[in-house]
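Data from data.pdb: PDB, C-alpha atoms
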MODEL        1
ATOM      1  CA  MET G  93     -58.526 -62.117 -39.405  1.00  0.00           C
ATOM      2  CA  LYS G  94     -57.100 -62.332 -35.869  1.00  0.00           C
ATOM      3  CA  LYS G  95     -58.236 -65.973 -35.694  1.00  0.00           C
ATOM      4  CA  ILE G  96     -56.425 -66.780 -38.964  1.00  0.00           C
ATOM      5  CA  LEU G  97     -53.195 -65.161 -37.775  1.00  0.00           C
ATOM      6  CA  LEU G  98     -53.413 -66.993 -34.452  1.00  0.00           C
ATOM      7  CA  LEU G  99     -53.997 -70.376 -36.124  1.00  0.00           C
ATOM      8  CA  ALA G 100     -51.055 -69.826 -38.476  1.00  0.00           C
ATOM      9  CA  ALA G 101     -48.784 -68.852 -35.584  1.00  0.00           C
ATOM     10  CA  LEU G 102     -49.850 -71.897 -33.564  1.00  0.00           C
ATOM     11  CA  ALA G 103     -49.298 -74.216 -36.540  1.00  0.00           C
ATOM     12  CA  LEU G 104     -45.794 -72.905 -37.185  1.00  0.00           C
ATOM     13  CA  GLY G 105     -45.014 -72.950 -33.473  1.00  0.00           C
ATOM     14  CA  ALA G 106     -46.142 -76.562 -33.125  1.00  0.00           C
ATOM     15  CA  LEU G 107     -43.951 -77.592 -36.042  1.00  0.00           C
ATOM     16  CA  ALA G 108     -40.977 -75.797 -34.544  1.00  0.00           C
ATOM     17  CA  VAL G 109     -41.418 -77.493 -31.157  1.00  0.00           C
ATOM     18  CA  SER G 110     -41.779 -80.873 -32.885  1.00  0.00           C
ATOM     19  CA  ALA G 111     -38.587 -80.225 -34.816  1.00  0.00           C
ATOM     20  CA  GLN G 112     -36.628 -79.414 -31.676  1.00  0.00           C
ATOM     21  CA  SER G 113     -37.872 -82.472 -29.807  1.00  0.00           C
ATOM     22  CA  VAL G 114     -37.251 -84.893 -32.696  1.00  0.00           C
ATOM     23  CA  GLY G 115     -34.126 -83.606 -34.391  1.00  0.00           C
ATOM     24  CA  GLY G 116     -32.548 -81.173 -32.008  1.00  0.00           C
ATOM     25  CA  GLY G 117     -29.617 -78.941 -32.933  1.00  0.00           C
ATOM     26  CA  ARG G 118     -29.313 -78.179 -36.648  1.00  0.00           C
ATOM     27  CA  SER G 119     -31.911 -80.569 -38.025  1.00  0.00           C
ATOM     28  CA  SER G 120     -35.414 -81.936 -37.646  1.00  0.00           C
ATOM     29  CA  GLY G 121     -35.220 -85.633 -38.494  1.00  0.00           C
ATOM     30  CA  ASP G 122     -33.666 -85.532 -41.996  1.00  0.00           C
ATOM     31  CA  THR G 123     -34.336 -81.801 -42.422  1.00  0.00           C
ATOM     32  CA  GLU G 124     -31.117 -79.852 -42.862  1.00  0.00           C
ATOM     33  CA  VAL G 125     -31.088 -76.152 -42.108  1.00  0.00           C
ATOM     34  CA  SER G 126     -29.843 -74.257 -45.158  1.00  0.00           C
ATOM     35  CA  LYS G 127     -29.198 -70.568 -45.705  1.00  0.00           C
ATOM     36  CA  GLY G 128     -31.993 -70.460 -48.270  1.00  0.00           C
ATOM     37  CA  TRP G 129     -32.764 -70.757 -51.974  1.00  0.00           C
ATOM     38  CA  ASN G 130     -34.206 -69.011 -55.027  1.00  0.00           C
ATOM     39  CA  THR G 131     -37.359 -70.173 -56.833  1.00  0.00           C
ATOM     40  CA  ILE G 132     -38.536 -69.372 -60.345  1.00  0.00           C
ATOM     41  CA  TYR G 133     -42.241 -70.180 -60.576  1.00  0.00           C
ATOM     42  CA  LEU G 134     -45.281 -70.190 -62.833  1.00  0.00           C
ATOM     43  CA  GLN G 135     -48.760 -69.961 -61.294  1.00  0.00           C
ATOM     44  CA  TYR G 136     -52.332 -70.525 -62.348  1.00  0.00           C
ATOM     45  CA  ASN G 137     -54.619 -68.066 -60.552  1.00  0.00           C
ATOM     46  CA  ASN G 138     -58.372 -68.471 -60.230  1.00  0.00           C
ATOM     47  CA  VAL G 139     -59.561 -65.016 -59.185  1.00  0.00           C
ATOM     48  CA  GLY G 140     -63.001 -64.508 -57.690  1.00  0.00           C
ATOM     49  CA  CYS G 141     -64.819 -61.721 -55.914  1.00  0.00           C
ATOM     50  CA  SER G 142     -66.409 -61.508 -52.482  1.00  0.00           C
ATOM     51  CA  HIS G 143     -68.995 -58.799 -51.915  1.00  0.00           C
ATOM     52  CA  GLU G 144     -72.243 -57.915 -50.211  1.00  0.00           C
ATOM     53  CA  LYS G 145     -75.022 -60.396 -50.928  1.00  0.00           C
ATOM     54  CA  ILE G 146     -77.011 -59.889 -54.133  1.00  0.00           C
ATOM     55  CA  ASN G 147     -80.476 -61.233 -54.799  1.00  0.00           C
ATOM     56  CA  TRP G 148     -79.780 -62.691 -58.237  1.00  0.00           C
ATOM     57  CA  LYS G 149     -83.459 -63.675 -58.546  1.00  0.00           C
ATOM     58  CA  ASP G 150     -84.205 -60.031 -59.280  1.00  0.00           C
ATOM     59  CA  LEU G 151     -81.945 -60.135 -62.360  1.00  0.00           C
ATOM     60  CA  ASP G 152     -82.260 -61.943 -65.668  1.00  0.00           C
ATOM     61  CA  TRP G 153     -78.553 -62.727 -65.773  1.00  0.00           C
ATOM     62  CA  LYS G 154     -76.079 -63.828 -63.115  1.00  0.00           C
ATOM     63  CA  PRO G 155     -72.618 -62.803 -64.374  1.00  0.00           C
ATOM     64  CA  SER G 156     -69.613 -65.001 -63.778  1.00  0.00           C
ATOM     65  CA  GLU G 157     -67.623 -64.004 -60.710  1.00  0.00           C
ATOM     66  CA  SER G 158     -64.499 -65.927 -61.670  1.00  0.00           C
ATOM     67  CA  ALA G 159     -61.515 -65.033 -63.859  1.00  0.00           C
ATOM     68  CA  ASN G 160     -58.398 -66.940 -64.893  1.00  0.00           C
ATOM     69  CA  GLY G 161     -54.860 -65.666 -64.640  1.00  0.00           C
ATOM     70  CA  ILE G 162     -51.193 -66.605 -64.767  1.00  0.00           C
ATOM     71  CA  THR G 163     -48.251 -65.298 -62.760  1.00  0.00           C
ATOM     72  CA  LEU G 164     -44.550 -65.536 -63.513  1.00  0.00           C
ATOM     73  CA  GLY G 165     -42.160 -64.659 -60.724  1.00  0.00           C
ATOM     74  CA  ILE G 166     -39.074 -65.276 -58.640  1.00  0.00           C
ATOM     75  CA  ASN G 167     -38.720 -65.626 -54.848  1.00  0.00           C
ATOM     76  CA  HIS G 168     -35.797 -65.788 -52.455  1.00  0.00           C
ATOM     77  CA  ALA G 169     -36.026 -67.667 -49.151  1.00  0.00           C
ATOM     78  CA  PHE G 170     -33.668 -67.080 -46.235  1.00  0.00           C
ATOM     79  CA  ASN G 171     -33.393 -68.832 -42.906  1.00  0.00           C
ATOM     80  CA  ILE G 172     -34.505 -66.907 -39.799  1.00  0.00           C
ATOM     81  CA  ALA G 173     -33.731 -69.548 -37.127  1.00  0.00           C
ATOM     82  CA  PRO G 174     -30.192 -71.005 -37.190  1.00  0.00           C
ATOM     83  CA  THR G 175     -31.254 -74.318 -35.612  1.00  0.00           C
ATOM     84  CA  LEU G 176     -34.616 -74.687 -37.387  1.00  0.00           C
ATOM     85  CA  PRO G 177     -35.703 -74.904 -41.057  1.00  0.00           C
ATOM     86  CA  LEU G 178     -37.912 -71.828 -40.649  1.00  0.00           C
ATOM     87  CA  TYR G 179     -37.747 -69.339 -43.524  1.00  0.00           C
ATOM     88  CA  VAL G 180     -39.026 -66.032 -44.783  1.00  0.00           C
ATOM     89  CA  GLU G 181     -39.597 -65.911 -48.523  1.00  0.00           C
ATOM     90  CA  ALA G 182     -40.128 -62.787 -50.613  1.00  0.00           C
ATOM     91  CA  GLY G 183     -39.995 -61.911 -54.277  1.00  0.00           C
ATOM     92  CA  LEU G 184     -41.614 -60.269 -57.263  1.00  0.00           C
ATOM     93  CA  GLY G 185     -44.192 -61.551 -59.737  1.00  0.00           C
ATOM     94  CA  VAL G 186     -46.120 -60.302 -62.774  1.00  0.00           C
ATOM     95  CA  GLN G 187     -49.771 -61.385 -62.965  1.00  0.00           C
ATOM     96  CA  PHE G 188     -52.118 -61.264 -65.962  1.00  0.00           C
ATOM     97  CA  VAL G 189     -55.815 -61.986 -65.364  1.00  0.00           C
ATOM     98  CA  MET G 190     -58.422 -62.464 -68.114  1.00  0.00           C
ATOM     99  CA  TYR G 191     -62.215 -62.295 -67.778  1.00  0.00           C
ATOM    100  CA  SER G 192     -64.911 -63.347 -70.231  1.00  0.00           C
ATOM    101  CA  ASP G 193     -68.660 -63.860 -69.939  1.00  0.00           C
ATOM    102  CA  SER G 194     -71.746 -63.742 -72.137  1.00  0.00           C
ATOM    103  CA  TYR G 195     -75.525 -63.639 -71.955  1.00  0.00           C
ATOM    104  CA  ASN G 196     -77.882 -64.662 -74.770  1.00  0.00           C
ATOM    105  CA  THR G 197     -81.637 -64.654 -75.313  1.00  0.00           C
ATOM    106  CA  ASN G 198     -83.799 -64.624 -78.446  1.00  0.00           C
ATOM    107  CA  SER G 199     -83.774 -60.843 -78.508  1.00  0.00           C
ATOM    108  CA  ASN G 200     -80.631 -59.794 -76.662  1.00  0.00           C
ATOM    109  CA  LYS G 201     -76.954 -60.759 -76.559  1.00  0.00           C
ATOM    110  CA  LEU G 202     -74.206 -59.417 -74.342  1.00  0.00           C
ATOM    111  CA  LYS G 203     -70.502 -60.286 -74.273  1.00  0.00           C
ATOM    112  CA  VAL G 204     -68.115 -58.870 -71.660  1.00  0.00           C
ATOM    113  CA  THR G 205     -64.327 -59.295 -71.646  1.00  0.00           C
ATOM    114  CA  GLY G 206     -61.557 -57.737 -69.635  1.00  0.00           C
ATOM    115  CA  HIS G 207     -57.982 -58.044 -68.443  1.00  0.00           C
ATOM    116  CA  LEU G 208     -55.853 -56.868 -65.544  1.00  0.00           C
ATOM    117  CA  LEU G 209     -52.045 -56.646 -65.453  1.00  0.00           C
ATOM    118  CA  SER G 210     -50.447 -56.380 -62.003  1.00  0.00           C
ATOM    119  CA  ALA G 211     -47.092 -56.551 -60.252  1.00  0.00           C
ATOM    120  CA  LYS G 212     -47.155 -58.287 -56.882  1.00  0.00           C
ATOM    121  CA  VAL G 213     -44.822 -58.862 -53.961  1.00  0.00           C
ATOM    122  CA  PRO G 214     -45.531 -61.995 -51.879  1.00  0.00           C
ATOM    123  CA  ILE G 215     -44.026 -62.404 -48.405  1.00  0.00           C
ATOM    124  CA  ASN G 216     -44.235 -65.862 -46.806  1.00  0.00           C
ATOM    125  CA  VAL G 217     -43.235 -67.496 -43.557  1.00  0.00           C
ATOM    126  CA  LEU G 218     -42.717 -71.225 -44.152  1.00  0.00           C
ATOM    127  CA  TYR G 219     -41.405 -74.287 -42.388  1.00  0.00           C
ATOM    128  CA  HIS G 220     -39.468 -76.831 -44.488  1.00  0.00           C
ATOM    129  CA  PHE G 221     -40.186 -80.330 -43.162  1.00  0.00           C
ATOM    130  CA  ASN G 222     -38.416 -83.200 -44.924  1.00  0.00           C
ATOM    131  CA  ILE G 223     -40.117 -86.586 -45.068  1.00  0.00           C
ATOM    132  CA  PRO G 224     -37.490 -88.920 -43.501  1.00  0.00           C
ATOM    133  CA  ASN G 225     -35.444 -91.106 -45.868  1.00  0.00           C
ATOM    134  CA  THR G 226     -36.959 -89.547 -48.993  1.00  0.00           C
ATOM    135  CA  ASP G 227     -36.327 -86.624 -51.348  1.00  0.00           C
ATOM    136  CA  PHE G 228     -39.743 -85.150 -50.524  1.00  0.00           C
ATOM    137  CA  ALA G 229     -40.603 -82.231 -48.235  1.00  0.00           C
ATOM    138  CA  ILE G 230     -43.716 -80.363 -47.157  1.00  0.00           C
ATOM    139  CA  GLU G 231     -43.789 -76.636 -46.409  1.00  0.00           C
ATOM    140  CA  PRO G 232     -46.847 -75.151 -44.669  1.00  0.00           C
ATOM    141  CA  LEU G 233     -46.854 -71.397 -45.164  1.00  0.00           C
ATOM    142  CA  PHE G 234     -48.681 -68.205 -44.340  1.00  0.00           C
ATOM    143  CA  GLY G 235     -48.075 -64.790 -45.791  1.00  0.00           C
ATOM    144  CA  PHE G 236     -49.164 -61.513 -47.317  1.00  0.00           C
ATOM    145  CA  ASP G 237     -49.519 -60.184 -50.854  1.00  0.00           C
ATOM    146  CA  PHE G 238     -48.973 -56.611 -51.994  1.00  0.00           C
ATOM    147  CA  ARG G 239     -50.235 -55.910 -55.506  1.00  0.00           C
ATOM    148  CA  VAL G 240     -49.988 -52.871 -57.785  1.00  0.00           C
ATOM    149  CA  ASN G 241     -52.451 -52.869 -60.677  1.00  0.00           C
ATOM    150  CA  ILE G 242     -50.753 -51.470 -63.787  1.00  0.00           C
ATOM    151  CA  LEU G 243     -53.250 -51.894 -66.634  1.00  0.00           C
ATOM    152  CA  GLY G 244     -56.925 -52.810 -66.667  1.00  0.00           C
ATOM    153  CA  LYS G 245     -59.509 -52.704 -69.445  1.00  0.00           C
ATOM    154  CA  ALA G 246     -63.055 -53.936 -69.934  1.00  0.00           C
ATOM    155  CA  LYS G 247     -64.975 -54.331 -73.195  1.00  0.00           C
ATOM    156  CA  SER G 248     -68.630 -55.005 -73.831  1.00  0.00           C
ATOM    157  CA  GLU G 249     -70.575 -55.813 -76.980  1.00  0.00           C
ATOM    158  CA  GLU G 250     -74.351 -55.731 -76.827  1.00  0.00           C
ATOM    159  CA  SER G 251     -76.709 -56.822 -79.610  1.00  0.00           C
ATOM    160  CA  TRP G 252     -80.465 -56.646 -79.695  1.00  0.00           C
ATOM    161  CA  ARG G 253     -83.205 -57.429 -82.176  1.00  0.00           C
ATOM    162  CA  SER G 254     -84.983 -54.314 -83.356  1.00  0.00           C
ATOM    163  CA  TYR G 255     -88.699 -54.130 -82.664  1.00  0.00           C
ATOM    164  CA  TYR G 256     -89.304 -52.239 -85.931  1.00  0.00           C
ATOM    165  CA  ASP G 257     -87.524 -54.317 -88.594  1.00  0.00           C
ATOM    166  CA  ASP G 258     -86.477 -57.463 -86.704  1.00  0.00           C
ATOM    167  CA  GLU G 259     -82.824 -56.739 -87.568  1.00  0.00           C
ATOM    168  CA  TRP G 260     -79.965 -56.986 -85.067  1.00  0.00           C
ATOM    169  CA  ARG G 261     -78.328 -53.810 -83.785  1.00  0.00           C
ATOM    170  CA  THR G 262     -74.950 -53.775 -82.048  1.00  0.00           C
ATOM    171  CA  SER G 263     -73.183 -51.340 -79.748  1.00  0.00           C
ATOM    172  CA  LYS G 264     -69.667 -51.621 -78.345  1.00  0.00           C
ATOM    173  CA  ASP G 265     -68.057 -50.013 -75.342  1.00  0.00           C
ATOM    174  CA  GLU G 266     -64.534 -50.016 -73.911  1.00  0.00           C
ATOM    175  CA  ALA G 267     -63.350 -48.700 -70.545  1.00  0.00           C
ATOM    176  CA  ASN G 268     -60.051 -48.154 -68.777  1.00  0.00           C
ATOM    177  CA  LEU G 269     -60.699 -49.460 -65.259  1.00  0.00           C
ATOM    178  CA  PHE G 270     -58.432 -46.811 -63.757  1.00  0.00           C
ATOM    179  CA  LYS G 271     -59.882 -43.755 -65.498  1.00  0.00           C
ATOM    180  CA  LYS G 272     -62.591 -41.869 -63.666  1.00  0.00           C
ATOM    181  CA  GLU G 273     -63.995 -40.629 -66.988  1.00  0.00           C
ATOM    182  CA  ASP G 274     -64.552 -44.226 -68.151  1.00  0.00           C
ATOM    183  CA  MET G 275     -65.872 -45.460 -64.805  1.00  0.00           C
ATOM    184  CA  ASP G 276     -68.461 -42.761 -64.027  1.00  0.00           C
ATOM    185  CA  GLY G 277     -66.064 -41.046 -61.636  1.00  0.00           C
ATOM    186  CA  ASN G 278     -65.347 -44.210 -59.643  1.00  0.00           C
ATOM    187  CA  ALA G 279     -62.104 -45.775 -60.895  1.00  0.00           C
ATOM    188  CA  ALA G 280     -60.662 -49.080 -59.697  1.00  0.00           C
ATOM    189  CA  LYS G 281     -57.954 -49.091 -57.028  1.00  0.00           C
ATOM    190  CA  ARG G 282     -54.312 -49.264 -58.017  1.00  0.00           C
ATOM    191  CA  PHE G 283     -53.106 -50.986 -54.822  1.00  0.00           C
ATOM    192  CA  GLN G 284     -54.310 -54.096 -53.005  1.00  0.00           C
ATOM    193  CA  ALA G 285     -52.993 -55.976 -49.991  1.00  0.00           C
ATOM    194  CA  GLY G 286     -54.147 -59.324 -48.675  1.00  0.00           C
ATOM    195  CA  TRP G 287     -53.304 -62.547 -46.855  1.00  0.00           C
ATOM    196  CA  HIS G 288     -52.796 -66.109 -48.087  1.00  0.00           C
ATOM    197  CA  ILE G 289     -52.289 -69.558 -46.600  1.00  0.00           C
ATOM    198  CA  GLY G 290     -51.171 -72.814 -48.204  1.00  0.00           C
ATOM    199  CA  ALA G 291     -48.425 -75.376 -48.599  1.00  0.00           C
ATOM    200  CA  ASN G 292     -45.624 -76.426 -50.940  1.00  0.00           C
ATOM    201  CA  PHE G 293     -44.878 -80.039 -51.839  1.00  0.00           C
ATOM    202  CA  VAL G 294     -41.224 -80.338 -52.750  1.00  0.00           C
ATOM    203  CA  TYR G 295     -39.313 -83.051 -54.609  1.00  0.00           C
ATOM    204  CA  LYS G 296     -35.590 -82.292 -54.855  1.00  0.00           C
ATOM    205  CA  GLN G 297     -35.530 -78.934 -56.740  1.00  0.00           C
ATOM    206  CA  VAL G 298     -39.143 -78.959 -57.922  1.00  0.00           C
ATOM    207  CA  ALA G 299     -41.922 -77.398 -55.833  1.00  0.00           C
ATOM    208  CA  LEU G 300     -45.669 -77.730 -56.359  1.00  0.00           C
ATOM    209  CA  GLY G 301     -47.724 -75.276 -54.306  1.00  0.00           C
ATOM    210  CA  ILE G 302     -51.346 -74.520 -53.526  1.00  0.00           C
ATOM    211  CA  GLN G 303     -52.641 -71.385 -51.797  1.00  0.00           C
ATOM    212  CA  TYR G 304     -55.831 -69.542 -51.006  1.00  0.00           C
ATOM    213  CA  GLY G 305     -55.857 -65.823 -50.332  1.00  0.00           C
ATOM    214  CA  HIS G 306     -58.156 -62.869 -49.809  1.00  0.00           C
ATOM    215  CA  ASP G 307     -57.607 -59.107 -50.152  1.00  0.00           C
ATOM    216  CA  PHE G 308     -57.971 -56.781 -47.182  1.00  0.00           C
ATOM    217  CA  ASN G 309     -59.174 -53.804 -49.216  1.00  0.00           C
ATOM    218  CA  LYS G 310     -61.751 -53.595 -51.987  1.00  0.00           C
ATOM    219  CA  ILE G 311     -60.782 -53.081 -55.601  1.00  0.00           C
ATOM    220  CA  HIS G 312     -63.623 -50.679 -56.314  1.00  0.00           C
ATOM    221  CA  ASP G 313     -65.755 -48.283 -54.292  1.00  0.00           C
ATOM    222  CA  ASP G 314     -69.376 -49.229 -54.644  1.00  0.00           C
ATOM    223  CA  ALA G 315     -72.231 -50.533 -52.519  1.00  0.00           C
ATOM    224  CA  LEU G 316     -71.148 -54.169 -52.968  1.00  0.00           C
ATOM    225  CA  ASN G 317     -67.692 -53.660 -51.365  1.00  0.00           C
ATOM    226  CA  PRO G 318     -65.960 -56.049 -53.810  1.00  0.00           C
ATOM    227  CA  LYS G 319     -62.728 -57.715 -52.671  1.00  0.00           C
ATOM    228  CA  LEU G 320     -60.680 -60.168 -54.728  1.00  0.00           C
ATOM    229  CA  LYS G 321     -60.021 -63.713 -53.549  1.00  0.00           C
ATOM    230  CA  THR G 322     -57.550 -66.037 -55.259  1.00  0.00           C
ATOM    231  CA  THR G 323     -56.892 -69.761 -55.413  1.00  0.00           C
ATOM    232  CA  THR G 324     -53.416 -70.506 -56.734  1.00  0.00           C
ATOM    233  CA  ILE G 325     -51.584 -73.553 -58.060  1.00  0.00           C
ATOM    234  CA  SER G 326     -47.870 -73.025 -58.703  1.00  0.00           C
ATOM    235  CA  LEU G 327     -44.952 -74.946 -60.151  1.00  0.00           C
ATOM    236  CA  GLY G 328     -41.440 -73.812 -59.301  1.00  0.00           C
ATOM    237  CA  TYR G 329     -37.781 -74.691 -59.783  1.00  0.00           C
ATOM    238  CA  ARG G 330     -35.290 -74.001 -56.989  1.00  0.00           C
ATOM    239  CA  PHE G 331     -31.624 -73.210 -57.233  1.00  0.00           C
TER     240      PHE G 331
ENDMDL
END

Do you think you could lay out the structure here as structure tokens?
Amino acid sequence: MKKILLLAALALGALAVSAQSVGGGRSSGDTEVSKGWNTIYLQYNNVGCSHEKINWKDLDWKPSESANGITLGINHAFNIAPTLPLYVEAGLGVQFVMYSDSYNTNSNKLKVTGHLLSAKVPINVLYHFNIPNTDFAIEPLFGFDFRVNILGKAKSEESWRSYYDDEWRTSKDEANLFKKEDMDGNAAKRFQAGWHIGANFVYKQVALGIQYGHDFNKIHDDALNPKLKTTTISLGYRF
């Protein structure tokens, strides 16, 4: 983690020095220093899980470790260096993640679904670098996410072929991820914090962004130490 923070600081520092040497004063090339902006955005989130290594060869089924989600939010960016286009951006978003997986054999079927609703607060440090003589800009960024998990449920439906009459039997189960009674005394965590790194590609008032991030703390206490990791693609409008 210290290496990531150091690399991000060096990258932003190098951009700042370049801006001063090229543009000087209030601008870097064609980059004007503004007080800031607001952004309404929609994100696609691919959410995975990092954990201790598992020997999947010992199991008949390797479950999917990826879920799909969307986030709707708003950010506000404000300038923190009067002579440089260096900004801090913060806001609030609502994220909804959906999970689905299944396993089928001649004698057994299993379907697992789930969802997670969260509120999150992203905080970014970004540098707005205009491409000279164009309406395009690039913004490398580094930041932190703080997420509060509001609702989370998991459902399973298992079917098997009876040995006695060759008929299918089915059982269903549903669990609240945050109830100890439903999770054998080991409920999921309500709060996560993590880091992310990425860049925005801006054309006039439209911003396309890509980020990768990883949580600091695990979402559940078990031997695998599971932590969420997220790849994000976002589309935003600035005003």

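Near Gly305 in chain G, within 10 Å and counting all atoms listed in the file, sit Val139, Phe234, Gly235, Phe236, Asp237, Gly286, Trp287, His288, Ile289, Gly290, Gln303, Asp307, Phe308, Leu320, Lys321, Thr322, Thr323 and Thr324 of chain G, not including residues fewer than 2 positions from it in the same chain.
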
Handout entry: Target residues per the PyMOL selection byres ((chain G and resi 291-301) around 12), formatted as a PyMOL selection string
Key = chain G and resi 100+104+129-137+216-223+226-235+288-290+302-304+323-331

Handout entry: Counting only C-alpha atoms, the option among G:Pro224, G:Thr205, G:Ile215, G:Asp193 closest to Ala267 in chain G
Key = G:Thr205

Exercise for the section: Rank nothing, just name the residue among G:Tyr191, G:Trp252, G:Glu273, G:His168 nearest to Val204 in chain G, using only C-alpha atoms. Expected result: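 Ranked by minimum distance to Val204 in chain G, first place goes to G:Tyr191.
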
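Nearest to Gly183 in chain G of all the residues G:Leu243, G:Val125, G:Leu208, G:Val213 is G:Val213, counting all atoms listed in the file.
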
Would you write out, as a compact mmCIF listing (two decimals) with C-alpha atoms, in the coordinates of the input, every residue that the PyMOL selection byres ((chain G and resi 171) around 8) captures in this file?
# COMPACT_ATOMS: atom_id res chain seq x y z
CA VAL G 125 -31.09 -76.15 -42.11
CA SER G 126 -29.84 -74.26 -45.16
CA LYS G 127 -29.20 -70.57 -45.70
CA GLY G 128 -31.99 -70.46 -48.27
CA ALA G 169 -36.03 -67.67 -49.15
CA PHE G 170 -33.67 -67.08 -46.24
CA ILE G 172 -34.51 -66.91 -39.80
CA ALA G 173 -33.73 -69.55 -37.13
CA PRO G 174 -30.19 -71.00 -37.19
CA PRO G 177 -35.70 -74.90 -41.06
CA LEU G 178 -37.91 -71.83 -40.65
CA TYR G 179 -37.75 -69.34 -43.52
CA VAL G 180 -39.03 -66.03 -44.78

Handout entry: Polymer residues at most 7 Å from Gly206 in chain G, only C-alpha atoms, same-chain spacing of 3 or more positions, as an MDAnalysis selection string
Key = chainID G and resid 190:192 245:247

Problem - Between CA of Ser210 in chain G and CA of Asp313 in chain G - distance in Å to one decimal - result: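 CA of Ser210 in chain G lies 19.0 Å from CA of Asp313 in chain G.
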
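Selection by the PyMOL selection byres ((chain G and resi 239) around 6) on the present file picks out Ala211, Lys212, Phe238, Val240, Phe283 and Gln284 of chain G.
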
Written selection (C-alpha atoms) as a CSV table (one decimal), keeping the file's coordinate frame:
chain,number,residue,atom,x,y,z
G,211,ALA,CA,-47.1,-56.6,-60.3
G,212,LYS,CA,-47.2,-58.3,-56.9
G,238,PHE,CA,-49.0,-56.6,-52.0
G,240,VAL,CA,-50.0,-52.9,-57.8
G,283,PHE,CA,-53.1,-51.0,-54.8
G,284,GLN,CA,-54.3,-54.1,-53.0

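One finds CA of Gly185 in chain G at 6.4 Å from CA of Ile166 in chain G.
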
For range 201-205 of chain G, what centre and edge lengths in Å (one decimal) does the axis-aligned box get once 6 Å is added on each side of all its listed atoms, as lines of an AutoDock Vina configuration file?
center_x = -70.6
center_y = -59.8
center_z = -74.1
size_x = 24.6
size_y = 13.9
size_z = 16.9

For range 220-231 of chain G, supply N, CA, C and O atoms and format the output as a PDB file, keeping the file's coordinate frame.
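As written to disk, selection_24.pdb reads:
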ATOM      1  N   HIS G 220     -39.871 -75.771 -43.560  1.00  0.00           N
ATOM      2  CA  HIS G 220     -39.468 -76.831 -44.488  1.00  0.00           C
ATOM      3  C   HIS G 220     -39.276 -78.133 -43.719  1.00  0.00           C
ATOM      4  O   HIS G 220     -38.313 -78.298 -42.982  1.00  0.00           O
ATOM      5  N   PHE G 221     -40.225 -79.072 -43.892  1.00  0.00           N
ATOM      6  CA  PHE G 221     -40.186 -80.330 -43.162  1.00  0.00           C
ATOM      7  C   PHE G 221     -39.936 -81.482 -44.126  1.00  0.00           C
ATOM      8  O   PHE G 221     -40.801 -81.837 -44.932  1.00  0.00           O
ATOM      9  N   ASN G 222     -38.740 -82.058 -44.072  1.00  0.00           N
ATOM     10  CA  ASN G 222     -38.416 -83.200 -44.924  1.00  0.00           C
ATOM     11  C   ASN G 222     -39.125 -84.462 -44.446  1.00  0.00           C
ATOM     12  O   ASN G 222     -39.225 -84.716 -43.243  1.00  0.00           O
ATOM     13  N   ILE G 223     -39.595 -85.265 -45.386  1.00  0.00           N
ATOM     14  CA  ILE G 223     -40.117 -86.586 -45.068  1.00  0.00           C
ATOM     15  C   ILE G 223     -38.910 -87.527 -44.937  1.00  0.00           C
ATOM     16  O   ILE G 223     -38.139 -87.664 -45.881  1.00  0.00           O
ATOM     17  N   PRO G 224     -38.707 -88.136 -43.753  1.00  0.00           N
ATOM     18  CA  PRO G 224     -37.490 -88.920 -43.501  1.00  0.00           C
ATOM     19  C   PRO G 224     -37.223 -89.972 -44.573  1.00  0.00           C
ATOM     20  O   PRO G 224     -38.137 -90.632 -45.074  1.00  0.00           O
ATOM     21  N   ASN G 225     -35.940 -90.091 -44.936  1.00  0.00           N
ATOM     22  CA  ASN G 225     -35.444 -91.106 -45.868  1.00  0.00           C
ATOM     23  C   ASN G 225     -36.038 -90.989 -47.271  1.00  0.00           C
ATOM     24  O   ASN G 225     -36.133 -91.967 -48.019  1.00  0.00           O
ATOM     25  N   THR G 226     -36.447 -89.792 -47.639  1.00  0.00           N
ATOM     26  CA  THR G 226     -36.959 -89.547 -48.993  1.00  0.00           C
ATOM     27  C   THR G 226     -36.407 -88.215 -49.496  1.00  0.00           C
ATOM     28  O   THR G 226     -35.758 -87.468 -48.763  1.00  0.00           O
ATOM     29  N   ASP G 227     -36.688 -87.918 -50.766  1.00  0.00           N
ATOM     30  CA  ASP G 227     -36.327 -86.624 -51.348  1.00  0.00           C
ATOM     31  C   ASP G 227     -37.499 -85.657 -51.349  1.00  0.00           C
ATOM     32  O   ASP G 227     -37.489 -84.644 -52.044  1.00  0.00           O
ATOM     33  N   PHE G 228     -38.541 -85.972 -50.571  1.00  0.00           N
ATOM     34  CA  PHE G 228     -39.743 -85.150 -50.524  1.00  0.00           C
ATOM     35  C   PHE G 228     -39.763 -84.277 -49.271  1.00  0.00           C
ATOM     36  O   PHE G 228     -39.205 -84.652 -48.235  1.00  0.00           O
ATOM     37  N   ALA G 229     -40.425 -83.132 -49.380  1.00  0.00           N
ATOM     38  CA  ALA G 229     -40.603 -82.231 -48.235  1.00  0.00           C
ATOM     39  C   ALA G 229     -41.951 -81.532 -48.354  1.00  0.00           C
ATOM     40  O   ALA G 229     -42.500 -81.381 -49.449  1.00  0.00           O
ATOM     41  N   ILE G 230     -42.469 -81.115 -47.213  1.00  0.00           N
ATOM     42  CA  ILE G 230     -43.716 -80.363 -47.157  1.00  0.00           C
ATOM     43  C   ILE G 230     -43.439 -79.043 -46.451  1.00  0.00           C
ATOM     44  O   ILE G 230     -42.727 -79.009 -45.446  1.00  0.00           O
ATOM     45  N   GLU G 231     -44.012 -77.963 -46.981  1.00  0.00           N
ATOM     46  CA  GLU G 231     -43.789 -76.636 -46.409  1.00  0.00           C
ATOM     47  C   GLU G 231     -45.116 -75.916 -46.180  1.00  0.00           C
ATOM     48  O   GLU G 231     -45.657 -75.289 -47.090  1.00  0.00           O
TER      49      GLU G 231
END
